[in-house]
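**Student:** First the structure, which I've put down as structure tokens, then a few questions once you've had a look.
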Amino acid sequence: MPEADPTPVLATRAKTGDERAREQLVLRLQPLVAGLAGRFAGRAARADLEQAGMVGVLDALARYDPDQGPFEPYATPFAVGEMLKLARSVSAPVRVPRELREAARAVEDAVEALTGPDGRGPTIPQIAERSGLDEEMVVEAMRSRMAMRPLPAQDVPLHQLGASADELAAAETRLELGSRLERLDGRSRQLIDLRFGLGLSQREIATRMGISQMHVSRLLRAALQELEAED
Amino acid sequence: MNQGDVRVQIPAGSPSAPVAVPLVLGLAARAGLAVERVDEVALATEMLLGERAPADLLITLSVDGGSLTVAIDGLPIDRVERRRALLPELVDGLEVDGERVVIRAGS
């Protein structure tokens with residue numbers, strides 16, 4: 001006898017604030033999201049596509065009513081929608097040649113693949129070797145990547161970041177950025193606190209947020225530009 | 001100035017980070033820095049210089065073994081001070097002496 005689909009029950013519990021049910025639901029839907037990310041292969045970094053898909057799943061969860069049937073088919077269009085948004089948003093404010101966009105993606109994938117378990121990222125010659133690009137093109141691709149808009153993403157729950165509200169508040173005090181921080185959205189503010197207040201590396205932040213290091217880099221750059229705009 | 005150093009003069013009001021950052025990336029590659037260090041020394045350079053030079057600047061970039069040094073002469077002191085809380089996290093060395101700022105990435 002086939003196992004009954006537990007997702008409506010998990011979704012209902014998650015909606016009432018049951019964190020454990022939420023985590024179980026996310027785990028259960030990871031293979032679906034990974035499969036959907038495959039449809040967009042080459043249009044954005046794999047890790048970022050999966051993270052965008054999960055944003056869609058959580059959005060679906062907020063709107064879900066168990067009377068609508070199983071959760072997975074309901075959540076699928078939400079996940080696909082977020083991935084599409086990402087694929088569209090990973091484009092520069094100025095027109096970037098297709099060859100360069102593809103090189104930037106190849107660089108990003110190489111960085112993810114070559115980063116060791118200790119979190120140490122590859123050098124540019126290593127990226128060049130892995131991606132089949134020459135070093136000049138890797139540098140050019142990194143530069144174009146810096147100009148691309150990051151995917152706006154949701155705030156990450158504090159428990160997932162491994163930092164308490166008090167720790168983040170203390171970090172902000174040490175940074176002495178004052179009211180400039182209030183201009184940032186929640187996610188950007190968390191990033192500044194983690195990177196500069198608590199001294200976590202981009203890689204460590206990426207792991208906690210479930211996104212790629214290069215995505216963290218773009219989010220940080222955007223957050224710093226926002227802070228600079230206040231000057 | 002050592003052989004292999006790169007010097008760039010940027011007049012006040014001219015594009016600065018868009019000129020300097022490609023040089024930083026290229027020399028960081030030559031120094032063999034890991035990609036995250038490369039990214040962050042470029043970010044520190046952007047923060048210091050801004051899109052357009054706030055004054056007449058002289059930028060000297062040098063690679064020594066596994067490290068890249070970027071020295072910027074002519075930066076207004078208040079521009080550095082406003083960013084002083086953040087810069088040390090992005091680079092492995094930061095020295096400020098009046099209008100001269102030196103940042104270093106790598107060992």
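Ordered as shown in the structure tokens, chains take letters A, B, and onward, while each chain numbers its residues from 1 and ligands are numbered from 1 in the order shown.
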Would you kindly report the residues of chain B within 10 Å of chain A, using only C-alpha atoms, as a ChimeraX atom specification?

**Tutor:** /B:18,21-40,42-43,46-47,50,79,82-90

**Student:** If you run DSSP over the backbone, which residues in chain B end up alpha helix (DSSP H)? Put them as a PyMOL selection string.

**Tutor:** chain B and resi 17-31+35-49+77-81+87-90

**Student:** What separation in Å, quoted to one decimal, exists between CA of Ala103 (chain A) and CA of Leu61 (chain B)?

**Tutor:**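 Atom-to-atom, CA of Ala103 (chain A) to CA of Leu61 (chain B), that is 26.4 Å.
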
**Student:** Compile the contact shell of Asn2 (chain B) as an NGL selection string: residues with an atom at most 12 Å away, counting only C-alpha atoms, same-chain residues fewer than 2 positions apart removed.

**Tutor:** :B and (4-7 or 60-64)

**Student:** Figure out the distance between CA of Gly93 (chain B) and CA of Leu161 (chain A), please, to one decimal in Å.

**Tutor:** 27.9 Å

**Student:** Would you kindly return, as a PDB file with C-alpha atoms, in the first residue's frame, each protein, DNA or RNA residue with an atom no farther than 8 Å from any atom of Gly13 (chain B), considering only C-alpha atoms and excluding same-chain residues fewer than 3 positions away?

**Tutor:**
```pdb
ATOM      1  CA  ARG B  52      35.128  58.881  -9.478  1.00  0.00           C
ATOM      2  CA  ALA B  53      38.322  60.029  -7.821  1.00  0.00           C
ATOM      3  CA  PRO B  54      37.582  62.354  -4.883  1.00  0.00           C
ATOM      4  CA  ALA B  55      40.967  64.066  -5.441  1.00  0.00           C
TER       5      ALA B  55
END
```

**Student:** In Å, with one decimal, what is the gap from CA of Leu58 (chain A) to CA of Asp18 (chain A)?

**Tutor:**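 Computing the Euclidean distance for CA of Leu58 (chain A) and CA of Asp18 (chain A) yields 13.5 Å.
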
**Student:** Hey, what's within 7 Å of Gly56 (chain A) if we count only C-alpha atoms and toss same-chain stuff fewer than 4 positions away? As a list in words, please?

**Tutor:**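 The residues that qualify are Ala52, Ala60, Phe78, Ala79 and Glu82 of chain A.
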
**Student:** Using only C-alpha atoms, can you tell me which of A:Leu61, A:Ala45, A:Val33, A:Gly210 comes closest to Leu10 (chain A)?

**Tutor:**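 Smallest distance to Leu10 (chain A) is found for A:Leu61.
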
**Student:** Can you list, as a ChimeraX atom specification, every protein, DNA or RNA residue that comes within 8 Å of Leu191 (chain A) when you count only C-alpha atoms, leaving out same-chain residues fewer than 3 positions away?

**Tutor:** /A:187-188,194-195,205,219-220

**Student:** May I ask which of the residues B:Val96, B:Val101, B:Val8, B:Val19 is the closest one to Ile72 (chain B), counting only C-alpha atoms?

**Tutor:** B:Val101

**Student:** Excluding same-chain residues fewer than 2 positions from Gly81 (chain A), what lies within 12 Å of it counting only C-alpha atoms, as a list in words?

**Tutor:**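 Final neighbour list, sorted by chain and number: Val33, Leu36, Ala37, Phe40, Leu49, Ala52, Gly53, Met54, Val55, Gly56, Val57, Asp59, Ala60, Ala75, Thr76, Pro77, Phe78, Ala79, Met83, Leu84, Lys85, Leu86, Ala87 and Arg88 of chain A.
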
**Student:** Find, counting only C-alpha atoms, the residue in B:Ala12, B:Glu99, B:Gly106, B:Thr45 that gets nearest to Val70 (chain B).

**Tutor:**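 For Val70 (chain B), the nearest of the candidates is B:Thr45.
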